[in-house]
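Asks: Please read through the structure below; I'll follow up with questions.
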Amino acid sequence: MASTKRVLLVDDDSMLRSSLAEQLASAGAYSVAEAANCEEARARAGEGLFEFIILDVGLPDGDGRELCAWLRGSGVTAPIILLTAADTDQDTIEGLKSGANDYVAKPFRFAVLMARIHAHLRSHGQNEDAVYRIGPYTFRPSAKVLLDVNSKKIRLTEKETNILKFLYRSGETVPRETLLHEVWGYNPAVTTHTLETHIYRLRQKIEASPGQARILVTESGGYRLMP
C-alpha cells in the first residue's frame, strides 16, 4: 500500500476545491488540506510538509504566482501545479518563472491533472534535493538527516539514508533481497545480516518504541514505511 501523500489545494472556487479534494481522497493515497486564499495558504504551509501543491492563479487576496514564489522562497521544494482560467504563452512563462512546475488551464479533466502530477512526483522523487515526510519526521536525503517536530536533527549514515529513500520511493513492502541488491549491490544468494543490523539501528533512532515498530515495519518477508 502506498504511503499517504499530503496535498495542499488552494482555490477560491469552493465547488471546484471540494470536487478536487473528493476526487483526490477517493484515489486512496492523498490527504488534502484546503485553502481559499493566500492568507489561508500561508498558514497551511506552516503546518508541515506537503508532497505537492495545486494552486489557483486568481485568488481574492493576491496573485497565485506571487504566492508560488513566496512558497519557493520559504523552502518549499514539492511540485507546484498552477491552475488558471487563461491559457496564453505569457501566462505560462510567468507561472514557470514564479517557480511552478506546470500550468494547467481551466476547465481540465481530473485524469489529465493527475497524470501531470504523477509525472512531476516521479521527477521530484529522483531529485537529491527533495524533502520527504516519514512519519513525524522531515527527511532530507541530501543532508542525511531527519528532523523531528521540534526541528531536532537525527543524523543518518549513508546506508540508512539509502534504505529510507528506497523504501519511501517504493511506497510498498520491499523484499529484503531487493534492498540488499539496491543498497549494497548484493545478489539474492548472499547470506548476510547486514540489512537487519541497519534496520535495527534505524529503529533505535526513529521509533518511540523500537521493539514495536510503527514507522519502519517488517511485513511479508520485507520492510515498509508506514504512512
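Chain identifiers are assigned as A, B, and so on, following the order in which chains appear in the C-alpha cells; residues are numbered from 1 within each chain, and ligands are numbered from 1 in order of appearance.
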If you count only C-alpha atoms, which residues fall within 12 Å of Ala143 (chain A), apart from same-chain ones fewer than 3 positions away, as a list in words?

Replies: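 What passes the distance filter is Glu128, Asp129, Ala130, Val131, Thr138, Phe139, Arg140, Leu146, Leu147, Lys153, Ile154, Arg155, Leu156, Thr157, Glu158, Thr161 and Asn162 of chain A.
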
Asks: Extract, using only C-alpha atoms, all DNA, RNA and protein residues at most 6 Å from region 43-51 of chain A, discarding same-chain residues fewer than 5 positions from it, and format them as a PDB file with C-alpha atoms, in the first residue's frame.

Replies:
```
ATOM      1  CA  LYS A   5       0.702  11.961   0.356  1.00  0.00           C
ATOM      2  CA  ARG A   6      -0.273  15.305   1.877  1.00  0.00           C
ATOM      3  CA  VAL A   7      -1.659  17.757  -0.679  1.00  0.00           C
ATOM      4  CA  ALA A  78       7.468  19.998  -3.682  1.00  0.00           C
TER       5      ALA A  78
END
```

Asks: Quote the spacing between CA of Leu202 (chain A) and CA of Tyr186 (chain A) in Å to one decimal place.

Replies: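 A separation of 20.1 Å between them.
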
Asks: Interatomic distance between CA of Gly73 (chain A) and CA of Asp61 (chain A)?

Replies: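 Going from CA of Gly73 (chain A) over to CA of Asp61 (chain A) covers 19.1 Å.
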
Asks: Would you pick out the contacts of region 9-21 of chain A at 10 Å or less, using only C-alpha atoms, so that residues sharing its chain but fewer than 2 positions from it are not included, and give the list as a PyMOL selection string?

Replies: chain A and resi 6-7+23-27+30-38+40-41+44+52-61+64+81-83+110

Asks: Using backbone DSSP assignments, extract all helix (DSSP H, G or I) residues from region 37-220 of chain A; output them as a PyMOL selection string.

Replies: chain A and resi 38-45+64-73+89-97+110-125+141-143+158-170+176-184+194-206

Asks: Find, counting only C-alpha atoms, the residue in A:Pro210, A:Gly185, A:Pro136, A:Pro79 that gets nearest to His124 (chain A).

Replies: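 Of A:Pro210, A:Gly185, A:Pro136, A:Pro79, the one nearest His124 (chain A) is A:Pro79, counting only C-alpha atoms.
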
Asks: List the spatial neighbours of Thr173 (chain A) as a ChimeraX atom specification - criterion: any atom at most 12 Å away, only C-alpha atoms, same-chain residues fewer than 6 positions off excluded.

Replies: /A:1-3,166-167,179,216-226

Asks: Excluding Gly99 (chain A) and any residue of its chain fewer than 2 positions from it, enumerate the residues within 12 Å of it, using only C-alpha atoms, and give them as a ChimeraX atom specification.

Replies: /A:53,55,64-82,92-97,101-103

Asks: Keeping only N, CA and C atoms, write the selected residues to a file as a short mmCIF file (atom, residue, chain, number, x, y, z; two decimals), in the first residue's frame.

Replies:
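Output below, filename out20.cif:
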```
data_model
loop_
_atom_site.label_atom_id
_atom_site.label_comp_id
_atom_site.auth_asym_id
_atom_site.auth_seq_id
_atom_site.Cartn_x
_atom_site.Cartn_y
_atom_site.Cartn_z
N ILE A 53 1.47 20.59 -4.40
CA ILE A 53 0.56 21.72 -4.17
C ILE A 53 -0.16 22.05 -5.47
N LEU A 55 -2.41 25.06 -7.01
CA LEU A 55 -2.54 26.47 -6.65
C LEU A 55 -3.20 27.27 -7.77
N GLY A 64 -1.72 34.09 -7.43
CA GLY A 64 -1.18 32.78 -7.09
C GLY A 64 0.27 32.61 -7.48
N ARG A 65 0.70 33.32 -8.52
CA ARG A 65 2.11 33.23 -8.93
C ARG A 65 3.02 33.87 -7.89
N GLU A 66 2.55 34.95 -7.28
CA GLU A 66 3.34 35.57 -6.21
C GLU A 66 3.38 34.66 -4.99
N LEU A 67 2.27 33.98 -4.72
CA LEU A 67 2.23 33.02 -3.62
C LEU A 67 3.18 31.86 -3.90
N CYS A 68 3.22 31.43 -5.14
CA CYS A 68 4.13 30.36 -5.55
C CYS A 68 5.58 30.76 -5.29
N ALA A 69 5.92 31.98 -5.68
CA ALA A 69 7.29 32.49 -5.46
C ALA A 69 7.59 32.56 -3.96
N TRP A 70 6.59 32.95 -3.17
CA TRP A 70 6.77 33.02 -1.71
C TRP A 70 7.02 31.63 -1.14
N LEU A 71 6.27 30.64 -1.62
CA LEU A 71 6.45 29.26 -1.16
C LEU A 71 7.86 28.76 -1.47
N ARG A 72 8.33 29.05 -2.68
CA ARG A 72 9.69 28.64 -3.05
C ARG A 72 10.72 29.35 -2.18
N GLY A 73 10.49 30.63 -1.92
CA GLY A 73 11.40 31.37 -1.06
C GLY A 73 11.40 30.88 0.37
N SER A 74 10.30 30.22 0.76
CA SER A 74 10.19 29.68 2.12
C SER A 74 10.80 28.28 2.23
N GLY A 75 11.33 27.79 1.12
CA GLY A 75 11.99 26.49 1.15
C GLY A 75 11.16 25.33 0.64
N VAL A 76 9.96 25.58 0.11
CA VAL A 76 9.13 24.50 -0.42
C VAL A 76 9.74 23.97 -1.72
N THR A 77 10.01 22.67 -1.76
CA THR A 77 10.60 22.07 -2.96
C THR A 77 9.61 21.17 -3.70
N ALA A 78 8.45 20.90 -3.09
CA ALA A 78 7.47 20.00 -3.68
C ALA A 78 6.95 20.54 -5.01
N PRO A 79 6.51 19.65 -5.91
CA PRO A 79 5.92 20.10 -7.17
C PRO A 79 4.71 21.01 -6.93
N ILE A 80 4.63 22.10 -7.69
CA ILE A 80 3.51 23.04 -7.61
C ILE A 80 2.87 23.13 -9.00
N ILE A 81 1.56 22.85 -9.06
CA ILE A 81 0.79 22.95 -10.30
C ILE A 81 -0.10 24.18 -10.20
N LEU A 82 0.04 25.13 -11.13
CA LEU A 82 -0.81 26.32 -11.16
C LEU A 82 -2.04 26.06 -12.01
N THR A 92 1.91 31.21 -19.15
CA THR A 92 2.72 30.04 -18.86
C THR A 92 4.13 30.44 -18.44
N ILE A 93 4.71 31.38 -19.18
CA ILE A 93 6.07 31.86 -18.87
C ILE A 93 6.12 32.46 -17.48
N GLU A 94 5.14 33.33 -17.16
CA GLU A 94 5.13 33.97 -15.85
C GLU A 94 4.94 32.94 -14.73
N GLY A 95 4.09 31.94 -14.99
CA GLY A 95 3.86 30.91 -13.99
C GLY A 95 5.11 30.10 -13.72
N LEU A 96 5.82 29.72 -14.77
CA LEU A 96 7.03 28.92 -14.60
C LEU A 96 8.14 29.75 -13.97
N LYS A 97 8.20 31.03 -14.30
CA LYS A 97 9.21 31.90 -13.70
C LYS A 97 9.00 32.05 -12.20
N ASN A 101 5.95 24.13 -11.38
CA ASN A 101 6.42 23.04 -12.23
C ASN A 101 5.57 22.90 -13.49
N ASP A 102 4.31 23.33 -13.40
CA ASP A 102 3.42 23.15 -14.54
C ASP A 102 2.28 24.15 -14.43
N TYR A 103 1.55 24.30 -15.55
CA TYR A 103 0.48 25.30 -15.68
C TYR A 103 -0.68 24.61 -16.38
#
```

Asks: Go ahead and compute the interatomic distance for CA of Ile163 (chain A) and CA of Met114 (chain A), in Å to one decimal.

Replies: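 For CA of Ile163 (chain A) relative to CA of Met114 (chain A), the distance reads 27.9 Å.
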
Asks: Run DSSP on the backbone and grab whatever in region 44-93 of chain A lands in strand (DSSP E); send it over as a PyMOL selection string.

Replies: chain A and resi 52-56+58-59+62-63+80-84
